[in-house]
Amino acid sequence: MLIDGYGRKINYLRISLTQRCNFRCLYCMPKVPFTYQAKENLLSYEELFLFAKLCIDKGVDKIRLTGGEPLVRSDLEIFIKMLTDYKSDLDLALTTNGYLLKDKAKALKDAGLKRINVSLDTLKPQRAKLISQIDMLDVVIDGINEALKVGLKVKLNCVPLKNINDDELCDLLEFAKSKNMQIRFIEFMENEHAYGQLKGLDTEEIITILKKKFNFTPSFKEANSPASLFCLDDGYIFGIINPHKHDFCESCNRIRLSAEGFLIPCLYFDEAMSIKNAIRNNDINKALEILNNVLENKPEKNRWQSNIKSARSFSQTGG
Ligand code: SAM
Ligand code: SF4
């Protein structure tokens, strides 16, 4: 079992497969101010698998593949199959912008993937283009429909932004509900890479908007989930993720691995240690030593209150 320095049980690994992305979302990477890592600097699927196996053997039973945009990395289904062959009951999920999903959904499902989260901030094509800087809405909706058709469980992620999509939150919830998908509204997380003029909505503001149309009450909280869940009168459940709250951290059960091999204990801190050489040298003991070191130094809580932001982009960390 993996335990961090504050006694939290760590059973969840998030792997950022690439920093690259085919979108340029205003809240994530409106420009590409950094140089992408050359391909040879990224861990291969075999190398990622070696580390994932180590974590699984130590009790990790949940892995999320993210990025950047994970589907721009070729043959992702091969990596998914490696993971699901190793542990068939692994809770394996993928977060994607959905742009390449239509063609990939079946291969992902066949490889053993069961769940995906798709980012969807608007149902208006021009707005979608404004937010992601690519004309993508129809393609993403087709991708969502295909994923549902092949039997993937789909959740939607939406980042509510003032004067950009805050008039659409009820429509987005209706859309998600109509397709039996849970939607989770994620409070915008300020970061150095986001477009500077953005203002996010906080949980209270999101609730106020949704209350104009829906009756709902707080629902149960899933163990270790960062989302607060709410239940409409008809039983439909949606979530709000408030990373600015510290109770988010008290039950944190995750570590992150970046595509270039940095083991990152917390999204909000720059501190990270590389496991790349250990993995490339097949030195599992060294990799385990680094993992334990990172866990020992995992911060107790995020630091929104002190207003210090991590310089690392979310696309690199694996948001
Ligand atoms: N490219 C994939 C996608 O967009 O779903 C996966 C990576 S993206 C970094 C993961 C999630 O982080 C997305 O749901 C995105 O909306 C969210 N995200 C990115 N930047 C954010 C920010 N500044 N505040 C809140 N959520 C953010
Ligand atoms: Fe790409 Fe996802 Fe970041 Fe948007 S949020 S730029 S889709 S990594």
# chains A, B, ... in the order shown; residues from 1 in each chain; ligands from 1
call {"tool": "residues_near_ligand", "arguments": {"ligand": "ligand 2", "cutoff": "6 Å", "atoms": "only C-alpha atoms and all ligand atoms", "output": "ChimeraX atom specification"}}
result
/A:21,23-25,28-29,67-69,97,315
call {"tool": "residues_near_ligand", "arguments": {"ligand": "ligand 1", "cutoff": "9 Å", "atoms": "only C-alpha atoms and all ligand atoms", "output": "tab-separated table (two decimals) with N, CA, C and O atoms, in the first residue's frame"}}
result
chain	number	residue	atom	x	y	z
A	16	SER	N	-0.19	11.72	-17.54
A	16	SER	CA	-0.29	12.64	-18.68
A	16	SER	C	0.50	12.03	-19.82
A	16	SER	O	1.72	11.88	-19.73
A	19	GLN	N	2.01	16.37	-23.65
A	19	GLN	CA	1.69	17.77	-23.37
A	19	GLN	C	0.99	18.40	-24.58
A	19	GLN	O	0.43	19.48	-24.50
A	20	ARG	N	1.09	17.71	-25.70
A	20	ARG	CA	0.54	18.28	-26.94
A	20	ARG	C	-0.98	18.26	-26.94
A	20	ARG	O	-1.59	17.44	-26.27
A	21	CYS	N	-1.54	19.15	-27.73
A	21	CYS	CA	-2.99	19.18	-27.83
A	21	CYS	C	-3.39	19.80	-29.16
A	21	CYS	O	-2.70	20.67	-29.68
A	22	ASN	N	-4.53	19.33	-29.68
A	22	ASN	CA	-5.06	19.89	-30.91
A	22	ASN	C	-6.00	21.08	-30.64
A	22	ASN	O	-6.52	21.67	-31.57
A	23	PHE	N	-6.25	21.41	-29.37
A	23	PHE	CA	-7.02	22.59	-29.00
A	23	PHE	C	-6.08	23.60	-28.33
A	23	PHE	O	-4.97	23.24	-27.92
A	25	CYS	N	-7.31	25.78	-25.56
A	25	CYS	CA	-8.36	26.31	-24.68
A	25	CYS	C	-7.85	27.53	-23.90
A	25	CYS	O	-6.73	27.51	-23.37
A	26	LEU	N	-8.73	28.51	-23.79
A	26	LEU	CA	-8.32	29.78	-23.15
A	26	LEU	C	-7.87	29.56	-21.72
A	26	LEU	O	-7.00	30.26	-21.22
A	27	TYR	N	-8.47	28.58	-21.04
A	27	TYR	CA	-8.14	28.38	-19.62
A	27	TYR	C	-6.95	27.46	-19.41
A	27	TYR	O	-6.53	27.24	-18.29
A	28	CYS	N	-6.43	26.90	-20.49
A	28	CYS	CA	-5.38	25.90	-20.33
A	28	CYS	C	-4.11	26.28	-21.09
A	28	CYS	O	-3.07	26.51	-20.49
A	29	MET	N	-4.17	26.31	-22.41
A	29	MET	CA	-2.99	26.72	-23.17
A	29	MET	C	-3.40	27.54	-24.39
A	29	MET	O	-3.37	27.04	-25.52
A	65	LEU	N	-5.91	8.37	-17.72
A	65	LEU	CA	-5.02	8.81	-18.78
A	65	LEU	C	-5.49	10.18	-19.25
A	65	LEU	O	-6.66	10.36	-19.59
A	66	THR	N	-4.56	11.14	-19.25
A	66	THR	CA	-4.96	12.49	-19.58
A	66	THR	C	-3.80	13.18	-20.30
A	66	THR	O	-2.95	12.54	-20.90
A	67	GLY	N	-3.79	14.50	-20.29
A	67	GLY	CA	-2.72	15.20	-21.01
A	67	GLY	C	-2.78	16.68	-20.69
A	67	GLY	O	-3.28	17.06	-19.62
A	68	GLY	N	-2.44	17.47	-21.62
A	68	GLY	CA	-2.51	17.43	-23.07
A	68	GLY	C	-3.72	16.63	-23.54
A	68	GLY	O	-4.60	16.31	-22.77
A	69	GLU	N	-3.71	16.36	-24.80
A	69	GLU	CA	-4.80	15.56	-25.34
A	69	GLU	C	-4.31	14.13	-25.55
A	69	GLU	O	-3.52	13.88	-26.47
A	70	PRO	N	-4.76	13.19	-24.73
A	70	PRO	CA	-4.22	11.83	-24.81
A	70	PRO	C	-4.43	11.17	-26.17
A	70	PRO	O	-3.62	10.35	-26.58
A	71	LEU	N	-5.53	11.55	-26.85
A	71	LEU	CA	-5.80	10.86	-28.11
A	71	LEU	C	-4.90	11.32	-29.26
A	71	LEU	O	-4.91	10.72	-30.33
A	94	LEU	N	-10.25	7.79	-19.01
A	94	LEU	CA	-9.54	8.67	-19.93
A	94	LEU	C	-10.24	10.02	-19.93
A	94	LEU	O	-11.47	10.08	-19.91
A	95	THR	N	-9.46	11.10	-19.92
A	95	THR	CA	-10.04	12.43	-20.08
A	95	THR	C	-9.62	12.96	-21.45
A	95	THR	O	-8.42	12.97	-21.76
A	96	THR	N	-10.57	13.39	-22.24
A	96	THR	CA	-10.27	13.79	-23.61
A	96	THR	C	-11.11	15.00	-24.01
A	96	THR	O	-12.19	15.22	-23.47
A	97	ASN	N	-10.60	15.75	-24.99
A	97	ASN	CA	-11.42	16.84	-25.53
A	97	ASN	C	-12.41	16.32	-26.57
A	97	ASN	O	-13.24	17.06	-27.08
A	98	GLY	N	-12.32	15.05	-26.92
A	98	GLY	CA	-13.33	14.42	-27.76
A	98	GLY	C	-13.13	14.58	-29.27
A	98	GLY	O	-13.87	13.99	-30.06
A	117	ASN	N	-14.10	10.84	-19.68
A	117	ASN	CA	-14.63	12.17	-19.41
A	117	ASN	C	-14.34	13.03	-20.64
A	117	ASN	O	-13.20	13.03	-21.12
A	118	VAL	N	-15.34	13.70	-21.14
A	118	VAL	CA	-15.14	14.57	-22.29
A	118	VAL	C	-15.38	16.00	-21.85
A	118	VAL	O	-16.36	16.30	-21.16
A	119	SER	N	-14.49	16.90	-22.26
A	119	SER	CA	-14.64	18.31	-21.91
A	119	SER	C	-15.63	18.95	-22.88
A	119	SER	O	-15.48	18.82	-24.09
A	120	LEU	N	-16.63	19.60	-22.31
A	120	LEU	CA	-17.62	20.28	-23.16
A	120	LEU	C	-18.08	21.53	-22.42
A	120	LEU	O	-18.75	21.43	-21.40
A	121	ASP	N	-17.71	22.70	-22.93
A	121	ASP	CA	-17.98	23.95	-22.22
A	121	ASP	C	-19.15	24.72	-22.80
A	121	ASP	O	-19.59	25.70	-22.21
A	156	LEU	N	-19.26	14.40	-18.57
A	156	LEU	CA	-18.81	15.65	-19.20
A	156	LEU	C	-18.13	16.53	-18.16
A	156	LEU	O	-18.55	16.56	-17.00
A	157	ASN	N	-17.09	17.23	-18.59
A	157	ASN	CA	-16.43	18.25	-17.76
A	157	ASN	C	-16.70	19.61	-18.38
A	157	ASN	O	-16.52	19.78	-19.59
A	158	CYS	N	-17.11	20.56	-17.55
A	158	CYS	CA	-17.36	21.92	-18.06
A	158	CYS	C	-16.73	22.94	-17.12
A	158	CYS	O	-16.90	22.84	-15.91
A	159	VAL	N	-16.01	23.89	-17.68
A	159	VAL	CA	-15.42	24.96	-16.86
A	159	VAL	C	-16.27	26.23	-17.06
A	159	VAL	O	-16.20	26.85	-18.13
A	160	PRO	N	-17.09	26.62	-16.07
A	160	PRO	CA	-17.93	27.80	-16.23
A	160	PRO	C	-17.11	29.10	-16.14
A	160	PRO	O	-16.37	29.31	-15.18
A	185	PHE	N	-19.20	20.41	-13.21
A	185	PHE	CA	-18.74	21.77	-13.43
A	185	PHE	C	-17.47	21.96	-12.60
A	185	PHE	O	-17.47	21.73	-11.40
A	186	ILE	N	-16.39	22.36	-13.28
A	186	ILE	CA	-15.10	22.51	-12.59
A	186	ILE	C	-14.80	23.99	-12.43
A	186	ILE	O	-14.77	24.73	-13.43
A	187	GLU	N	-14.61	24.43	-11.20
A	187	GLU	CA	-14.23	25.84	-11.01
A	187	GLU	C	-12.94	26.12	-11.76
A	187	GLU	O	-11.99	25.32	-11.69
A	188	PHE	N	-12.91	27.23	-12.47
A	188	PHE	CA	-11.70	27.64	-13.19
A	188	PHE	C	-10.55	27.78	-12.18
A	188	PHE	O	-10.67	28.42	-11.15
A	189	MET	N	-9.42	27.14	-12.53
A	189	MET	CA	-8.23	27.25	-11.68
A	189	MET	C	-7.27	28.24	-12.33
A	189	MET	O	-6.81	28.01	-13.46
A	190	GLU	N	-7.01	29.31	-11.61
A	190	GLU	CA	-6.11	30.33	-12.12
A	190	GLU	C	-4.74	29.70	-12.34
A	190	GLU	O	-4.28	28.91	-11.51
A	191	ASN	N	-4.13	30.01	-13.42
A	191	ASN	CA	-2.77	29.52	-13.65
A	191	ASN	C	-2.05	30.44	-14.63
A	191	ASN	O	-2.69	31.22	-15.34
A	193	HIS	N	-0.68	30.07	-17.35
A	193	HIS	CA	-0.76	29.86	-18.79
A	193	HIS	C	-2.11	30.27	-19.36
A	193	HIS	O	-2.24	30.44	-20.57
A	194	ALA	N	-3.10	30.43	-18.50
A	194	ALA	CA	-4.44	30.75	-18.98
A	194	ALA	C	-4.47	32.17	-19.55
A	194	ALA	O	-3.66	33.03	-19.18
A	200	GLY	N	-13.49	32.82	-13.53
A	200	GLY	CA	-14.34	31.63	-13.38
A	200	GLY	C	-15.50	31.90	-12.45
A	200	GLY	O	-15.52	32.91	-11.74
A	243	PRO	N	-11.78	23.11	-6.49
A	243	PRO	CA	-10.39	22.87	-6.06
A	243	PRO	C	-9.89	23.94	-5.10
A	243	PRO	O	-8.83	23.76	-4.48
A	313	SER	N	2.24	24.02	-16.60
A	313	SER	CA	0.90	24.10	-17.19
A	313	SER	C	0.10	22.84	-16.84
A	313	SER	O	0.68	21.77	-16.63
A	314	PHE	N	-1.22	22.98	-16.79
A	314	PHE	CA	-2.07	21.83	-16.50
A	314	PHE	C	-1.94	20.77	-17.60
A	314	PHE	O	-2.08	19.58	-17.35
A	315	SER	N	-1.68	21.23	-18.83
A	315	SER	CA	-1.56	20.26	-19.93
A	315	SER	C	-0.32	19.40	-19.73
A	315	SER	O	-0.27	18.27	-20.19
A	316	GLN	N	0.68	19.94	-19.05
A	316	GLN	CA	1.89	19.16	-18.79
A	316	GLN	C	1.67	18.22	-17.60
A	316	GLN	O	2.05	17.06	-17.62
A	317	THR	N	1.05	18.78	-16.56
A	317	THR	CA	0.86	17.99	-15.33
A	317	THR	C	-0.17	16.88	-15.57
A	317	THR	O	-0.09	15.82	-14.97
A	318	GLY	N	-1.11	17.15	-16.45
A	318	GLY	CA	-2.23	16.23	-16.61
A	318	GLY	C	-3.36	16.73	-15.72
A	318	GLY	O	-3.50	16.28	-14.59
A	319	GLY	N	-4.12	17.70	-16.21
A	319	GLY	CA	-5.14	18.38	-15.40
A	319	GLY	C	-6.28	17.46	-15.05
A	319	GLY	O	-6.34	16.33	-15.49
call {"tool": "select_by_dssp", "arguments": {"residues": "segment 142-177 of chain A", "states": "helix (DSSP H, G or I)", "output": "MDAnalysis selection string"}}
result
chainID A and resid 142:150 169:177
call {"tool": "residues_around", "arguments": {"residues": "Asp234 of chain A", "least_positions_apart": "5", "cutoff": "12 Å", "atoms": "only C-alpha atoms", "output": "list in words"}}
result
Lys177, Phe214, Asn215, Phe216 and Thr217 of chain A
call {"tool": "residues_around", "arguments": {"residues": "Thr203 of chain A", "least_positions_apart": "3", "cutoff": "8 Å", "atoms": "only C-alpha atoms", "output": "number ranges by chain"}}
result
A: 187, 206-207, 240-242
call {"tool": "closest_residue", "arguments": {"among": "A:Leu101, A:Ile144, A:Val60, A:Leu113", "to": "Lys81 of chain A", "atoms": "only C-alpha atoms"}}
result
A:Leu113
call {"tool": "closest_atom_pairs", "arguments": {"of": "segment 3-114 of chain A", "to": "segment 253-268 of chain A", "cutoff": "7 Å", "atoms": "only C-alpha atoms", "output": "tab-separated table"}}
result
residue	atom	partner	partner_atom	distance
A:Arg8	CA	A:Asn253	CA	6.5
A:Lys9	CA	A:Asn253	CA	5.8
A:Ile10	CA	A:Asn253	CA	4.3
A:Asn11	CA	A:Asn253	CA	5.8
A:Tyr12	CA	A:Arg254	CA	4.5
A:Leu13	CA	A:Ile255	CA	5.2
A:Arg14	CA	A:Arg256	CA	4.7
A:Ile15	CA	A:Leu257	CA	4.8
A:Ser16	CA	A:Ser258	CA	4.8
A:Leu17	CA	A:Ala259	CA	4.8
A:Thr18	CA	A:Ala259	CA	5.3
A:Asn41	CA	A:Glu260	CA	5.8
A:Leu42	CA	A:Glu260	CA	4.3
A:Leu43	CA	A:Glu260	CA	5.7
call {"tool": "closest_residue", "arguments": {"among": "A:Asp247, A:Asp4, A:Asp91, A:Asp75", "to": "Asn293 of chain A", "atoms": "only C-alpha atoms"}}
result
A:Asp4
call {"tool": "residues_around", "arguments": {"residues": "Leu92 of chain A", "least_positions_apart": "6", "cutoff": "8 Å", "atoms": "only C-alpha atoms", "output": "PDB file with N, CA and C atoms, in the first residue's frame"}}
result
ATOM      1  N   LYS A  62      -6.678   2.567  -9.496  1.00  0.00           N
ATOM      2  CA  LYS A  62      -7.394   3.515 -10.349  1.00  0.00           C
ATOM      3  C   LYS A  62      -6.362   4.303 -11.143  1.00  0.00           C
ATOM      4  N   ILE A  63      -6.503   4.336 -12.453  1.00  0.00           N
ATOM      5  CA  ILE A  63      -5.573   5.093 -13.305  1.00  0.00           C
ATOM      6  C   ILE A  63      -6.391   5.929 -14.282  1.00  0.00           C
ATOM      7  N   ARG A  64      -6.015   7.196 -14.429  1.00  0.00           N
ATOM      8  CA  ARG A  64      -6.640   8.035 -15.450  1.00  0.00           C
ATOM      9  C   ARG A  64      -5.585   8.475 -16.440  1.00  0.00           C
ATOM     10  N   LEU A  65      -5.914   8.370 -17.720  1.00  0.00           N
ATOM     11  CA  LEU A  65      -5.016   8.807 -18.785  1.00  0.00           C
ATOM     12  C   LEU A  65      -5.488  10.175 -19.253  1.00  0.00           C
ATOM     13  N   THR A  84      -5.091  -3.143 -18.975  1.00  0.00           N
ATOM     14  CA  THR A  84      -6.257  -3.968 -18.613  1.00  0.00           C
ATOM     15  C   THR A  84      -5.906  -5.452 -18.621  1.00  0.00           C
ATOM     16  N   LEU A 113     -11.147  -0.191 -22.126  1.00  0.00           N
ATOM     17  CA  LEU A 113     -11.535   1.054 -21.442  1.00  0.00           C
ATOM     18  C   LEU A 113     -13.041   1.046 -21.183  1.00  0.00           C
ATOM     19  N   LYS A 114     -13.420   1.537 -19.983  1.00  0.00           N
ATOM     20  CA  LYS A 114     -14.853   1.534 -19.672  1.00  0.00           C
ATOM     21  C   LYS A 114     -15.410   2.948 -19.547  1.00  0.00           C
ATOM     22  N   ARG A 115     -14.561   3.878 -19.113  1.00  0.00           N
ATOM     23  CA  ARG A 115     -15.097   5.209 -18.766  1.00  0.00           C
ATOM     24  C   ARG A 115     -14.277   6.306 -19.435  1.00  0.00           C
TER      25      ARG A 115
END
call {"tool": "select_by_dssp", "arguments": {"residues": "segment 98-314 of chain A", "states": "strand (DSSP E)", "output": "JSON list (two decimals) with N, CA, C and O atoms, in the first residue's frame"}}
result
[["chain", "number", "residue", "atom", "x", "y", "z"],
["A", 115, "ARG", "N", -14.56, 3.88, -19.11],
["A", 115, "ARG", "CA", -15.10, 5.21, -18.77],
["A", 115, "ARG", "C", -14.28, 6.31, -19.44],
["A", 115, "ARG", "O", -13.05, 6.21, -19.50],
["A", 116, "ILE", "N", -14.96, 7.35, -19.87],
["A", 116, "ILE", "CA", -14.23, 8.53, -20.35],
["A", 116, "ILE", "C", -14.89, 9.80, -19.81],
["A", 116, "ILE", "O", -16.09, 9.80, -19.51],
["A", 117, "ASN", "N", -14.10, 10.84, -19.68],
["A", 117, "ASN", "CA", -14.63, 12.17, -19.41],
["A", 117, "ASN", "C", -14.34, 13.03, -20.64],
["A", 117, "ASN", "O", -13.20, 13.03, -21.12],
["A", 118, "VAL", "N", -15.34, 13.70, -21.14],
["A", 118, "VAL", "CA", -15.14, 14.57, -22.29],
["A", 118, "VAL", "C", -15.38, 16.00, -21.85],
["A", 118, "VAL", "O", -16.36, 16.30, -21.16],
["A", 119, "SER", "N", -14.49, 16.90, -22.26],
["A", 119, "SER", "CA", -14.64, 18.31, -21.91],
["A", 119, "SER", "C", -15.63, 18.95, -22.88],
["A", 119, "SER", "O", -15.48, 18.82, -24.09],
["A", 153, "LYS", "N", -18.91, 4.51, -20.76],
["A", 153, "LYS", "CA", -19.63, 5.37, -19.83],
["A", 153, "LYS", "C", -19.01, 6.76, -19.97],
["A", 153, "LYS", "O", -17.78, 6.90, -19.88],
["A", 154, "VAL", "N", -19.84, 7.77, -20.20],
["A", 154, "VAL", "CA", -19.30, 9.10, -20.48],
["A", 154, "VAL", "C", -19.74, 10.10, -19.41],
["A", 154, "VAL", "O", -20.91, 10.16, -19.05],
["A", 155, "LYS", "N", -18.76, 10.87, -18.90],
["A", 155, "LYS", "CA", -19.08, 12.03, -18.07],
["A", 155, "LYS", "C", -18.61, 13.27, -18.83],
["A", 155, "LYS", "O", -17.66, 13.20, -19.62],
["A", 156, "LEU", "N", -19.26, 14.40, -18.57],
["A", 156, "LEU", "CA", -18.81, 15.65, -19.20],
["A", 156, "LEU", "C", -18.13, 16.53, -18.16],
["A", 156, "LEU", "O", -18.55, 16.56, -17.00],
["A", 157, "ASN", "N", -17.09, 17.23, -18.59],
["A", 157, "ASN", "CA", -16.43, 18.25, -17.76],
["A", 157, "ASN", "C", -16.70, 19.61, -18.38],
["A", 157, "ASN", "O", -16.52, 19.78, -19.59],
["A", 158, "CYS", "N", -17.11, 20.56, -17.55],
["A", 158, "CYS", "CA", -17.36, 21.92, -18.06],
["A", 158, "CYS", "C", -16.73, 22.94, -17.12],
["A", 158, "CYS", "O", -16.90, 22.84, -15.91],
["A", 182, "GLN", "N", -23.27, 12.01, -16.57],
["A", 182, "GLN", "CA", -23.10, 12.96, -15.47],
["A", 182, "GLN", "C", -22.29, 14.16, -15.98],
["A", 182, "GLN", "O", -21.33, 13.98, -16.74],
["A", 183, "ILE", "N", -22.69, 15.36, -15.59],
["A", 183, "ILE", "CA", -21.85, 16.53, -15.91],
["A", 183, "ILE", "C", -21.22, 17.03, -14.62],
["A", 183, "ILE", "O", -21.85, 16.99, -13.55],
["A", 184, "ARG", "N", -19.96, 17.46, -14.73],
["A", 184, "ARG", "CA", -19.28, 18.03, -13.58],
["A", 184, "ARG", "C", -18.77, 19.40, -13.96],
["A", 184, "ARG", "O", -18.04, 19.56, -14.94],
["A", 185, "PHE", "N", -19.20, 20.41, -13.21],
["A", 185, "PHE", "CA", -18.74, 21.77, -13.43],
["A", 185, "PHE", "C", -17.47, 21.96, -12.60],
["A", 185, "PHE", "O", -17.47, 21.73, -11.40],
["A", 186, "ILE", "N", -16.39, 22.36, -13.28],
["A", 186, "ILE", "CA", -15.10, 22.51, -12.59],
["A", 186, "ILE", "C", -14.80, 23.99, -12.43],
["A", 186, "ILE", "O", -14.77, 24.73, -13.43],
["A", 216, "PHE", "N", -32.67, 20.99, -6.69],
["A", 216, "PHE", "CA", -31.73, 19.92, -6.35],
["A", 216, "PHE", "C", -31.24, 20.07, -4.92],
["A", 216, "PHE", "O", -31.34, 21.14, -4.31],
["A", 217, "THR", "N", -30.75, 18.98, -4.41],
["A", 217, "THR", "CA", -30.23, 18.96, -3.04],
["A", 217, "THR", "C", -28.85, 18.30, -3.04],
["A", 217, "THR", "O", -28.56, 17.50, -3.94],
["A", 218, "PRO", "N", -28.02, 18.62, -2.05],
["A", 218, "PRO", "CA", -26.72, 17.94, -1.99],
["A", 218, "PRO", "C", -26.93, 16.44, -1.88],
["A", 218, "PRO", "O", -27.85, 15.98, -1.22],
["A", 227, "ALA", "N", -15.38, 15.91, -6.39],
["A", 227, "ALA", "CA", -16.66, 16.53, -6.77],
["A", 227, "ALA", "C", -17.67, 16.48, -5.64],
["A", 227, "ALA", "O", -17.82, 15.46, -4.97],
["A", 228, "SER", "N", -18.37, 17.62, -5.42],
["A", 228, "SER", "CA", -19.57, 17.59, -4.58],
["A", 228, "SER", "C", -20.71, 17.23, -5.51],
["A", 228, "SER", "O", -20.85, 17.84, -6.58],
["A", 229, "LEU", "N", -21.51, 16.29, -5.09],
["A", 229, "LEU", "CA", -22.59, 15.83, -5.98],
["A", 229, "LEU", "C", -23.92, 16.41, -5.52],
["A", 229, "LEU", "O", -24.14, 16.64, -4.33],
["A", 230, "PHE", "N", -24.81, 16.63, -6.50],
["A", 230, "PHE", "CA", -26.14, 17.17, -6.23],
["A", 230, "PHE", "C", -27.15, 16.31, -6.99],
["A", 230, "PHE", "O", -26.83, 15.78, -8.06],
["A", 231, "CYS", "N", -28.34, 16.23, -6.41],
["A", 231, "CYS", "CA", -29.36, 15.35, -6.99],
["A", 231, "CYS", "C", -30.61, 16.15, -7.35],
["A", 231, "CYS", "O", -31.17, 16.86, -6.51],
["A", 232, "LEU", "N", -31.01, 16.12, -8.63],
["A", 232, "LEU", "CA", -32.25, 16.76, -9.05],
["A", 232, "LEU", "C", -33.43, 15.97, -8.49],
["A", 232, "LEU", "O", -33.28, 14.80, -8.12],
["A", 237, "ILE", "N", -27.98, 12.98, -11.14],
["A", 237, "ILE", "CA", -26.87, 13.47, -10.31],
["A", 237, "ILE", "C", -25.89, 14.27, -11.16],
["A", 237, "ILE", "O", -25.50, 13.83, -12.24],
["A", 238, "PHE", "N", -25.50, 15.45, -10.66],
["A", 238, "PHE", "CA", -24.42, 16.20, -11.31],
["A", 238, "PHE", "C", -23.41, 16.62, -10.24],
["A", 238, "PHE", "O", -23.68, 16.49, -9.03],
["A", 239, "GLY", "N", -22.26, 17.10, -10.69],
["A", 239, "GLY", "CA", -21.22, 17.43, -9.72],
["A", 239, "GLY", "C", -20.63, 18.83, -9.92],
["A", 239, "GLY", "O", -20.71, 19.41, -11.00],
["A", 240, "ILE", "N", -20.06, 19.34, -8.85],
["A", 240, "ILE", "CA", -19.29, 20.59, -8.93],
["A", 240, "ILE", "C", -17.94, 20.31, -8.26],
["A", 240, "ILE", "O", -17.89, 19.77, -7.15],
["A", 241, "ILE", "N", -16.88, 20.67, -8.96],
["A", 241, "ILE", "CA", -15.55, 20.45, -8.41],
["A", 241, "ILE", "C", -14.97, 21.79, -7.99],
["A", 241, "ILE", "O", -14.86, 22.71, -8.80],
["A", 254, "ARG", "N", -4.15, 10.81, -4.83],
["A", 254, "ARG", "CA", -3.57, 10.70, -6.17],
["A", 254, "ARG", "C", -2.13, 11.19, -6.28],
["A", 254, "ARG", "O", -1.69, 12.05, -5.52],
["A", 255, "ILE", "N", -1.45, 10.62, -7.24],
["A", 255, "ILE", "CA", -0.17, 11.16, -7.71],
["A", 255, "ILE", "C", -0.24, 11.22, -9.23],
["A", 255, "ILE", "O", -1.07, 10.54, -9.84],
["A", 256, "ARG", "N", 0.65, 12.01, -9.80],
["A", 256, "ARG", "CA", 0.61, 12.22, -11.24],
["A", 256, "ARG", "C", 1.96, 11.92, -11.86],
["A", 256, "ARG", "O", 3.00, 12.23, -11.27],
["A", 257, "LEU", "N", 1.90, 11.34, -13.03],
["A", 257, "LEU", "CA", 3.12, 11.08, -13.80],
["A", 257, "LEU", "C", 3.02, 11.85, -15.11],
["A", 257, "LEU", "O", 2.04, 11.70, -15.85],
["A", 262, "PHE", "N", 8.14, 12.87, -14.99],
["A", 262, "PHE", "CA", 8.16, 13.52, -13.67],
["A", 262, "PHE", "C", 7.01, 13.00, -12.83],
["A", 262, "PHE", "O", 5.86, 12.95, -13.28],
["A", 263, "LEU", "N", 7.35, 12.64, -11.62],
["A", 263, "LEU", "CA", 6.36, 12.20, -10.66],
["A", 263, "LEU", "C", 5.97, 13.43, -9.84],
["A", 263, "LEU", "O", 6.82, 14.03, -9.17],
["A", 264, "ILE", "N", 4.69, 13.78, -9.92],
["A", 264, "ILE", "CA", 4.24, 15.06, -9.39],
["A", 264, "ILE", "C", 3.26, 14.80, -8.24],
["A", 264, "ILE", "O", 2.19, 14.21, -8.46],
["A", 273, "MET", "N", 9.79, 14.90, -9.08],
["A", 273, "MET", "CA", 11.05, 14.16, -9.25],
["A", 273, "MET", "C", 10.93, 13.24, -10.46],
["A", 273, "MET", "O", 9.86, 12.67, -10.71],
["A", 274, "SER", "N", 12.04, 13.13, -11.19],
["A", 274, "SER", "CA", 12.00, 12.32, -12.40],
["A", 274, "SER", "C", 12.26, 10.84, -12.09],
["A", 274, "SER", "O", 13.21, 10.50, -11.38]]
